[in-house]
Structures are given as structure tokens and as C-alpha cells.
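Accompanying notes for the structure given below.
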Amino acid sequence: MGKKLVAYFSAGGNTAKLAKKLAEAAGADLYEIRPAKAYTSADLNWQDKQSRSSIEMSDHNSRPELADKSADMSAYDTVYVGFPVWWYIAPTIINTFLESCDFSGKRIILFATSGGSGFGKAVQNLKGSAPDAEIIEGKVNPSAKDIDALSAM
């Protein structure tokens, strides 16, 4: 069995909690995907068309800069990638992360948090950012049972 990593972006803490539970269940390393400039609550106001998150999500070519550009994926076979669902896709910082590393031949298993939607077009939207990886739709708002199932993948 290959080495596993749980990489996650969390804006409000919910995804971080799930990531830590998944990492523990899977015996995986944990890595936080952090933006170079942290998001404020005003940045995350999806009702404001001029908020940072609204502007980034309306431009699918937006690539927020990462705080840490030294992530090394070479030791991992399976990488769980977690994020809050924004506008029915992954936040564009996830694209930045996937494009910043070599995921060739790796399995990427997605998990997400959401206030009510599913993955939407997240898998479709992320495939171009890691074209040589297998991207698997995991679970949104995984329960304890779902975390056990994900950790066994």
C-alpha cells in the first residue's frame, strides 16, 4: 500500500476538521493548502459581486497564489484533496495547488464541505489542472462512516 496525503483548503475551519479526521483514519500525512494572502470574511462574502472570492470564481483562469510552493508529491501514491464547494466547483486555489505539483500517475480523491450542494462540476473543472492523474469524486460532507470508506481507498 502506497503512502497517502490529505491536502486541504479550508476557509472557515469545516474542511480542516474533516481533513484531520480523514488523515487520522487513513494514516496519512496532512498538508494545508494556504493562500499567500489569507481570506478575510469580507473576501468570502459570496453575496458581494466585488468580493475577492466572487471575482476569483467568476474567472476560471484565476489562480490565487499559494503561501507554500514547496509541496512535494513524489512520496505519495494517493492524495486526498479537500475543499469547500464554491459556486458548484472547487475554489480556484485548488487548481493552483494541482498545477504547482506533479501528480502524474497519482490517484486524487476529492472530499468537500458544502452548505447544501454536491460536487457540481468540480471533477470536470479540476481534470485540466492534473491531466495525468486519476481524479475520483469522493464525498461531500462525509460522515464518520464515509471517512472510514474514503480512508480505505
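Chain labels follow the order of the C-alpha cells: the first chain is A, the next B, and so on; residue numbering restarts at 1 in every chain, and ligands are counted from 1 in their shown order.
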
Which of chain A fall in strand (DSSP E), as a VMD selection string: chain A and resid 4 to 8 29 to 32 78 to 84 107 to 113 134 to 140

Selection: 12 Å around A:Ile55, only C-alpha atoms, excl. self and same-chain fewer than 2 positions, as a PyMOL selection string: chain A and resi 43-53+57-64+86-87+91-92

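The smallest atom-to-atom distance between A:Pro142 and any of A:Lys121, A:Arg107, A:Lys37, A:Lys21, using only C-alpha atoms, is found for A:Lys21.
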
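Those residues that approach A:Asp146 to within 12 Å, counting only C-alpha atoms, are Leu18, Lys21, Leu22, Ala25, Ala26, Phe111, Ala112, Gly138, Lys139, Val140, Asn141, Pro142, Leu150, Ser151, Ala152 and Met153 of chain A; same-chain residues fewer than 4 positions away are not listed.
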
Taking N, CA and C atoms for each residue, export the selection above as a PDB file, in the first residue's frame.
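Listing of selection-v7.pdb after writing:
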```pdb
ATOM      1  N   LEU A  18     -12.574  18.013   8.932  1.00  0.00           N
ATOM      2  CA  LEU A  18     -12.741  16.755   8.199  1.00  0.00           C
ATOM      3  C   LEU A  18     -11.400  16.210   7.726  1.00  0.00           C
ATOM      4  N   LYS A  21      -9.628  14.419  10.525  1.00  0.00           N
ATOM      5  CA  LYS A  21     -10.245  13.119  10.798  1.00  0.00           C
ATOM      6  C   LYS A  21      -9.861  12.103   9.722  1.00  0.00           C
ATOM      7  N   LEU A  22      -9.896  12.537   8.460  1.00  0.00           N
ATOM      8  CA  LEU A  22      -9.547  11.642   7.360  1.00  0.00           C
ATOM      9  C   LEU A  22      -8.082  11.226   7.432  1.00  0.00           C
ATOM     10  N   ALA A  25      -7.732   8.610  10.124  1.00  0.00           N
ATOM     11  CA  ALA A  25      -8.327   7.334   9.722  1.00  0.00           C
ATOM     12  C   ALA A  25      -7.498   6.627   8.649  1.00  0.00           C
ATOM     13  N   ALA A  26      -6.899   7.404   7.743  1.00  0.00           N
ATOM     14  CA  ALA A  26      -6.140   6.829   6.621  1.00  0.00           C
ATOM     15  C   ALA A  26      -4.671   6.609   6.949  1.00  0.00           C
ATOM     16  N   PHE A 111     -12.705  15.278  -1.489  1.00  0.00           N
ATOM     17  CA  PHE A 111     -13.733  15.360  -0.458  1.00  0.00           C
ATOM     18  C   PHE A 111     -14.002  16.850  -0.257  1.00  0.00           C
ATOM     19  N   ALA A 112     -15.210  17.158   0.170  1.00  0.00           N
ATOM     20  CA  ALA A 112     -15.578  18.571   0.254  1.00  0.00           C
ATOM     21  C   ALA A 112     -16.591  18.824   1.356  1.00  0.00           C
ATOM     22  N   GLY A 138     -15.016  11.802  -4.323  1.00  0.00           N
ATOM     23  CA  GLY A 138     -15.232  11.122  -3.049  1.00  0.00           C
ATOM     24  C   GLY A 138     -16.579  11.484  -2.463  1.00  0.00           C
ATOM     25  N   LYS A 139     -16.566  12.216  -1.375  1.00  0.00           N
ATOM     26  CA  LYS A 139     -17.798  12.560  -0.672  1.00  0.00           C
ATOM     27  C   LYS A 139     -17.845  14.033  -0.311  1.00  0.00           C
ATOM     28  N   VAL A 140     -19.057  14.575  -0.289  1.00  0.00           N
ATOM     29  CA  VAL A 140     -19.308  15.920   0.230  1.00  0.00           C
ATOM     30  C   VAL A 140     -19.879  15.747   1.630  1.00  0.00           C
ATOM     31  N   ASN A 141     -19.368  16.515   2.579  1.00  0.00           N
ATOM     32  CA  ASN A 141     -19.783  16.437   3.984  1.00  0.00           C
ATOM     33  C   ASN A 141     -19.769  14.989   4.482  1.00  0.00           C
ATOM     34  N   PRO A 142     -18.611  14.333   4.365  1.00  0.00           N
ATOM     35  CA  PRO A 142     -18.577  12.910   4.738  1.00  0.00           C
ATOM     36  C   PRO A 142     -18.868  12.669   6.212  1.00  0.00           C
ATOM     37  N   LEU A 150     -13.601   6.303   2.740  1.00  0.00           N
ATOM     38  CA  LEU A 150     -12.617   7.073   1.982  1.00  0.00           C
ATOM     39  C   LEU A 150     -11.204   6.676   2.373  1.00  0.00           C
ATOM     40  N   SER A 151     -10.967   6.502   3.644  1.00  0.00           N
ATOM     41  CA  SER A 151      -9.612   6.189   4.116  1.00  0.00           C
ATOM     42  C   SER A 151      -9.132   4.843   3.594  1.00  0.00           C
ATOM     43  N   ALA A 152     -10.055   3.969   3.255  1.00  0.00           N
ATOM     44  CA  ALA A 152      -9.691   2.647   2.725  1.00  0.00           C
ATOM     45  C   ALA A 152      -9.423   2.670   1.232  1.00  0.00           C
ATOM     46  N   MET A 153      -9.695   3.761   0.590  1.00  0.00           N
ATOM     47  CA  MET A 153      -9.494   3.846  -0.871  1.00  0.00           C
ATOM     48  C   MET A 153      -8.020   3.971  -1.208  1.00  0.00           C
TER      49      MET A 153
END
```

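The residue that comes closest to A:Ala90, out of A:Leu66, A:Ala16, A:Lys145, A:Ser10 and on the basis of only C-alpha atoms, is A:Ser10.
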
Exercise: A:Val81 partners within 10 Å, only C-alpha atoms, chain neighbours under 2 positions left out, as a compact mmCIF listing (two decimals) with C-alpha atoms, in the first residue's frame:
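Here's the written file part.txt:
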```txt
# COMPACT_ATOMS: atom_id res chain seq x y z
CA LEU A 5 -1.51 12.56 1.90
CA VAL A 6 -4.54 14.63 2.86
CA ALA A 7 -4.19 18.12 1.33
CA TYR A 8 -6.91 20.61 2.11
CA PHE A 9 -8.00 24.21 1.78
CA ALA A 19 -9.21 16.67 6.78
CA TYR A 31 -0.90 19.35 4.31
CA GLU A 32 -2.78 22.65 4.40
CA ILE A 33 -3.21 24.49 1.09
CA THR A 78 -2.83 8.69 -3.17
CA VAL A 79 -3.63 12.33 -2.41
CA PHE A 83 -12.12 21.98 -0.11
CA ILE A 94 -7.25 24.08 -5.70
CA PHE A 97 -2.26 23.67 -6.00
CA LEU A 98 -2.77 20.92 -8.58
CA ILE A 108 -6.54 12.17 -6.30
CA ILE A 109 -9.61 11.51 -4.19
CA LEU A 110 -11.76 14.56 -3.59
CA PHE A 111 -13.73 15.36 -0.46
CA ALA A 112 -15.58 18.57 0.25
CA ILE A 135 -9.33 12.18 -10.11
CA ILE A 136 -12.01 10.40 -8.10
CA GLY A 138 -15.23 11.12 -3.05
```

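Going from atom CA of A:Ser143 to atom CA of A:Ala28 covers 18.1 Å.
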
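Closest approach to A:Ser70 among A:Glu137, A:Glu24, A:Asp132, A:Asp102: A:Asp102, based on only C-alpha atoms.
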
Selected residue of minimal separation from A:Ile89 among A:Gly115, A:Gly105, A:Pro35, A:Gly120, counting only C-alpha atoms: A:Gly120

d(atom CA of A:Asn14, atom CA of A:Ser104) in Å: 29.0 Å

Nearest residue to A:Ser117 from the set A:Val85, A:Ala67, A:Ala23, A:Ala149 (distances using only C-alpha atoms): A:Val85

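Between atom CA of A:Asp29 and atom CA of A:Pro131 there is a distance of 23.4 Å.
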
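Nearest residue to A:Met73, choosing from A:Leu30, A:Ala38, A:Cys101, A:Ala133 and counting only C-alpha atoms: A:Cys101.
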